[in-house]
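The block underneath contains the structure these notes are about, expressed in structure tokens.
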Amino acid sequence: MSTSTPEESRSSDDVCTPDALLHSAPARDVTPEDLVMATGRDVTPKTLDWARRKLESEGSAAIEKLLP
């Protein structure tokens, strides 16, 4: 069993990514296509309808629930 701390076990070039860089706030309004692609689904008329409804009810916060 190792007694080293997480900081000691990292290599010298292994650094943490700052939290502010991990979030993906879009530079523009979220589109239905953006929302569909964020779920990993194919962009189809059915998934676009779903995304439009979700954006109408939740606004751009809908994508923040899917992405960090």
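Ligands are numbered from 1 in the order shown, chains are lettered A, B, ... in the order of the structure tokens, and residues start at 1 in each chain.
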What lies within 6 Å of stretch 25-42 of chain A using only C-alpha atoms, ignoring chain neighbours under 3 positions off, as a list in words?
-> Leu48, Ala51, Arg52, Ser60 and Ile63 of chain A
Would you save the residues from that selection as a tab-separated table (two decimals), in the first residue's frame, using N, CA and C atoms?
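File produced: out.tsv:
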chain	number	residue	atom	x	y	z
A	48	LEU	N	-34.97	16.97	-32.94
A	48	LEU	CA	-35.02	18.43	-32.98
A	48	LEU	C	-36.30	18.95	-32.33
A	51	ALA	N	-35.75	18.73	-28.65
A	51	ALA	CA	-34.84	19.78	-28.19
A	51	ALA	C	-35.52	21.15	-28.17
A	52	ARG	N	-36.35	21.43	-29.15
A	52	ARG	CA	-37.08	22.71	-29.17
A	52	ARG	C	-37.99	22.83	-27.95
A	60	SER	N	-31.66	28.09	-22.03
A	60	SER	CA	-30.31	27.62	-22.31
A	60	SER	C	-29.72	26.79	-21.17
A	63	ILE	N	-28.88	22.83	-21.63
A	63	ILE	CA	-27.61	22.23	-22.05
A	63	ILE	C	-26.64	22.13	-20.89
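Between atom CA of A:Glu58 and atom CA of A:Thr17 the interatomic distance comes to 29.3 Å.
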Please measure the separation of atom CA of A:Gly59 and atom CA of A:Pro45, giving the value in Å to one decimal.
->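 Those two atoms sit 19.6 Å apart.
Relative to atom CA of A:Leu66, atom CA of A:Lys54 is found at 12.2 Å.
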